[in-house]
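Asks: If you scroll down you'll find the structure; I have some questions about it.
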Amino acid sequence: MKNDILAIGDIVIDNFIRLKEAQVTGDPEHPTLCMRFADKIPFEYSVEVPAVGNASNAAVAAAKLGVPAALHAYVGNDEHGVRCLDALKVADVDTALMETQDGKHTNYHFVLWFEDERTILIKHEMFDYTTPKAAEAPAWVYLSSLSGNSLPYHAQLAAQFAAWPDTKLAFQPGTFQIKFGAEALRDIYARTYIFFCNKEEAQIITGSSSEDSRELLRELRALGPKIVVITDGHFGAYVLDEQDRMWNIPMYPDPKPPFERTGAGDAFASTVVAALALGLPLEQALLWGPINAMGVVQEIGAQKGLFTREQIEKLLAEAPESYKLTPLL
């Protein structure tokens, strides 16, 4: 089947471990999670969530919004891989471009969850990456987090994207893609239609210490993306569009305090892309994103709280008058 969105990136199982005896100490800007050393520390419970990761979350969000979506990712020939594939099928994500590799382990991360925040212990398997063998060019590619051995793979992807001139690229870089540096991924940045990152990531990518979101938007635009979106926690998000207009997008009001924040950024970015894939104008798509982000933080993991299109449209109709794009002057 032809997919409107092809998501590319690593897939993982997250094991959420709810901590009860921990402390957060140190600099508020760079806090430290502390627990007693060399001791047995009780926890409340743990929950495994299969088939997550930035790209997988994006594919699931798009499918739930009614956008045909596929995922190109890698799993090991193990029980965890089977669980990930099964979960994608349940979410109505096309798995024809998934690859299972013998001798590899499916990514499995531990999420240390304390209060409403989390610290994630990650270990990315070194898969043998190859470009997706799609029969047709997708309308959109959503590229996100890949492992530390993926730099050559990005050159292959850039060549593949060049062969798909009508495909729009959404890029939400993960940890290693940011560490590679913008110069190493210059062909990816230059090919990007819409780019997403948070404010701290924007500073790292651009090498800027500026706190001015307008300046960061312009510096990221200089790398190539036509549209740039920077998320900034409680301040919402900032966007620079193709016509050089800048807006602030507020958070959608939470019905209650967040339960667990994993996946809020993925939900925001992927929902904006899915809305664009559905043909919505950018201004409306940007208002869809925070609604799904709100839903995700009310549940455990990055997917359980995702809404359908009908639910998002209902919540948008019920939004307060203050929920609107504000031009940045």
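Each chain of the structure tokens is named A, B, ... in the order shown, its residues numbered from 1; ligands are numbered from 1 in display order.
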Quick one: residues within 10 Å of A:Glu79, only C-alpha atoms counted, chain neighbours fewer than 4 positions away excluded, as a list in words?
Replies: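 The contact residues come out as Val75, Arg83, Cys84, His105 and Thr106 of chain A.
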Asks: Generate the output file for the selected residues, all heavy atoms, as an mmCIF file, in the first residue's frame.
Replies:
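What ended up in out-v6.cif:
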```
data_model
loop_
_atom_site.group_PDB
_atom_site.id
_atom_site.type_symbol
_atom_site.label_atom_id
_atom_site.label_comp_id
_atom_site.auth_asym_id
_atom_site.auth_seq_id
_atom_site.Cartn_x
_atom_site.Cartn_y
_atom_site.Cartn_z
ATOM 1 N N VAL A 75 14.783 -4.603 14.240
ATOM 2 C CA VAL A 75 14.657 -5.351 15.488
ATOM 3 C C VAL A 75 15.551 -6.580 15.400
ATOM 4 O O VAL A 75 15.940 -7.006 14.312
ATOM 5 C CB VAL A 75 13.200 -5.780 15.761
ATOM 6 C CG1 VAL A 75 12.303 -4.568 15.999
ATOM 7 C CG2 VAL A 75 12.652 -6.632 14.618
ATOM 8 N N ARG A 83 7.404 -8.671 19.744
ATOM 9 C CA ARG A 83 6.450 -7.807 20.458
ATOM 10 C C ARG A 83 6.326 -6.439 19.793
ATOM 11 O O ARG A 83 5.232 -5.882 19.704
ATOM 12 C CB ARG A 83 6.873 -7.641 21.917
ATOM 13 C CG ARG A 83 6.736 -8.920 22.741
ATOM 14 C CD ARG A 83 7.177 -8.677 24.166
ATOM 15 N NE ARG A 83 6.338 -7.657 24.796
ATOM 16 C CZ ARG A 83 6.712 -6.974 25.873
ATOM 17 N NH1 ARG A 83 7.912 -7.162 26.405
ATOM 18 N NH2 ARG A 83 5.900 -6.094 26.409
ATOM 19 N N CYS A 84 7.454 -5.896 19.345
ATOM 20 C CA CYS A 84 7.410 -4.597 18.667
ATOM 21 C C CYS A 84 6.616 -4.691 17.366
ATOM 22 O O CYS A 84 5.766 -3.827 17.078
ATOM 23 C CB CYS A 84 8.825 -4.100 18.384
ATOM 24 S SG CYS A 84 9.708 -3.486 19.835
ATOM 25 N N HIS A 105 20.151 -7.597 19.010
ATOM 26 C CA HIS A 105 19.158 -7.514 20.079
ATOM 27 C C HIS A 105 18.252 -6.305 19.846
ATOM 28 O O HIS A 105 18.735 -5.209 19.543
ATOM 29 C CB HIS A 105 19.837 -7.383 21.444
ATOM 30 C CG HIS A 105 20.708 -8.540 21.800
ATOM 31 N ND1 HIS A 105 20.199 -9.763 22.192
ATOM 32 C CD2 HIS A 105 22.063 -8.672 21.815
ATOM 33 C CE1 HIS A 105 21.194 -10.597 22.434
ATOM 34 N NE2 HIS A 105 22.341 -9.965 22.209
ATOM 35 N N THR A 106 16.972 -6.506 19.988
ATOM 36 C CA THR A 106 16.035 -5.384 19.908
ATOM 37 C C THR A 106 16.346 -4.383 21.018
ATOM 38 O O THR A 106 16.610 -4.771 22.166
ATOM 39 C CB THR A 106 14.592 -5.896 20.051
ATOM 40 O OG1 THR A 106 14.340 -6.852 19.010
ATOM 41 C CG2 THR A 106 13.592 -4.757 19.947
#
```
Asks: Excluding stretch 131-145 of chain A and residues on its chain fewer than 2 positions from it, collect all residues at most 6 Å away from it, counting only C-alpha atoms, and give them as a ChimeraX atom specification.
Replies: /A:3-9,55,164,167-174
Asks: Could you please take those selected residues and save N, CA and C atoms as a compact mmCIF listing (two decimals), in the first residue's frame?
Replies:
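Below is the file selection05.txt, written as the result:
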```txt
# COMPACT_ATOMS: atom_id res chain seq x y z
N ASN A 3 2.06 4.65 1.33
CA ASN A 3 1.98 5.33 2.62
C ASN A 3 2.24 6.82 2.45
N ASP A 4 1.43 7.62 3.15
CA ASP A 4 1.63 9.06 3.10
C ASP A 4 2.85 9.47 3.93
N ILE A 5 3.12 8.73 5.01
CA ILE A 5 4.26 9.03 5.86
C ILE A 5 5.09 7.76 6.06
N LEU A 6 6.38 7.86 5.77
CA LEU A 6 7.33 6.79 6.07
C LEU A 6 8.24 7.30 7.18
N ALA A 7 8.14 6.69 8.35
CA ALA A 7 9.00 7.07 9.47
C ALA A 7 10.25 6.21 9.47
N ILE A 8 11.40 6.84 9.70
CA ILE A 8 12.68 6.15 9.71
C ILE A 8 13.40 6.48 11.02
N GLY A 9 13.78 5.44 11.75
CA GLY A 9 14.49 5.65 13.01
C GLY A 9 14.44 4.39 13.85
N ALA A 55 10.66 7.70 15.91
CA ALA A 55 10.06 7.40 14.61
C ALA A 55 8.84 6.51 14.74
N TRP A 164 13.77 11.00 -4.53
CA TRP A 164 12.36 11.26 -4.24
C TRP A 164 12.14 12.78 -4.16
N THR A 167 9.05 14.21 -2.30
CA THR A 167 8.83 13.81 -0.91
C THR A 167 9.28 14.92 0.03
N LYS A 168 8.42 15.27 0.99
CA LYS A 168 8.79 16.27 1.99
C LYS A 168 9.42 15.57 3.19
N LEU A 169 10.50 16.15 3.70
CA LEU A 169 11.24 15.56 4.81
C LEU A 169 11.00 16.33 6.10
N ALA A 170 10.53 15.62 7.11
CA ALA A 170 10.46 16.15 8.47
C ALA A 170 11.61 15.54 9.25
N PHE A 171 12.38 16.37 9.93
CA PHE A 171 13.57 15.90 10.64
C PHE A 171 13.47 16.32 12.10
N GLN A 172 13.46 15.33 12.99
CA GLN A 172 13.48 15.55 14.44
C GLN A 172 14.70 14.80 14.97
N PRO A 173 15.86 15.45 15.04
CA PRO A 173 17.09 14.71 15.36
C PRO A 173 17.10 14.13 16.76
N GLY A 174 17.69 12.94 16.87
CA GLY A 174 17.89 12.31 18.17
C GLY A 174 19.28 12.63 18.70
```
Asks: So that I can check the surroundings of A:Phe307, please list as JSON, numbers by chain every protein, DNA and RNA residue that reaches within 10 Å of it, counting only C-alpha atoms and ignoring chain neighbours fewer than 3 positions away.
Replies: {"A": [61, 64, 65, 267, 271, 291, 292, 293, 294, 295, 296, 303, 304, 310, 311, 312, 313, 315]}
Asks: Counting only C-alpha atoms, which residues of stretch 221-263 of chain A sit at most 12 Å from some atom of stretch 177-182 of chain A, and what is each one's closest atom pair with its distance in Å to one decimal, listed by chain and rising residue number, as CSV?
Replies:
```
residue,atom,partner,partner_atom,distance
A:Arg221,CA,A:Ala182,CA,11.8
A:Ala222,CA,A:Ala182,CA,10.8
A:Leu223,CA,A:Ala182,CA,7.5
A:Gly224,CA,A:Ala182,CA,10.2
A:Pro225,CA,A:Ala182,CA,11.7
```
Asks: Write down as a list of chain:residue names the residues belonging to stretch 204-249 of chain A that are assigned helix (DSSP H, G or I) by DSSP computed on the backbone.
Replies: A:Ile204, A:Ile205, A:Thr206, A:Ser213, A:Arg214, A:Glu215, A:Leu216, A:Leu217, A:Arg218, A:Glu219, A:Leu220, A:Arg221, A:Gly233, A:His234, A:Phe235
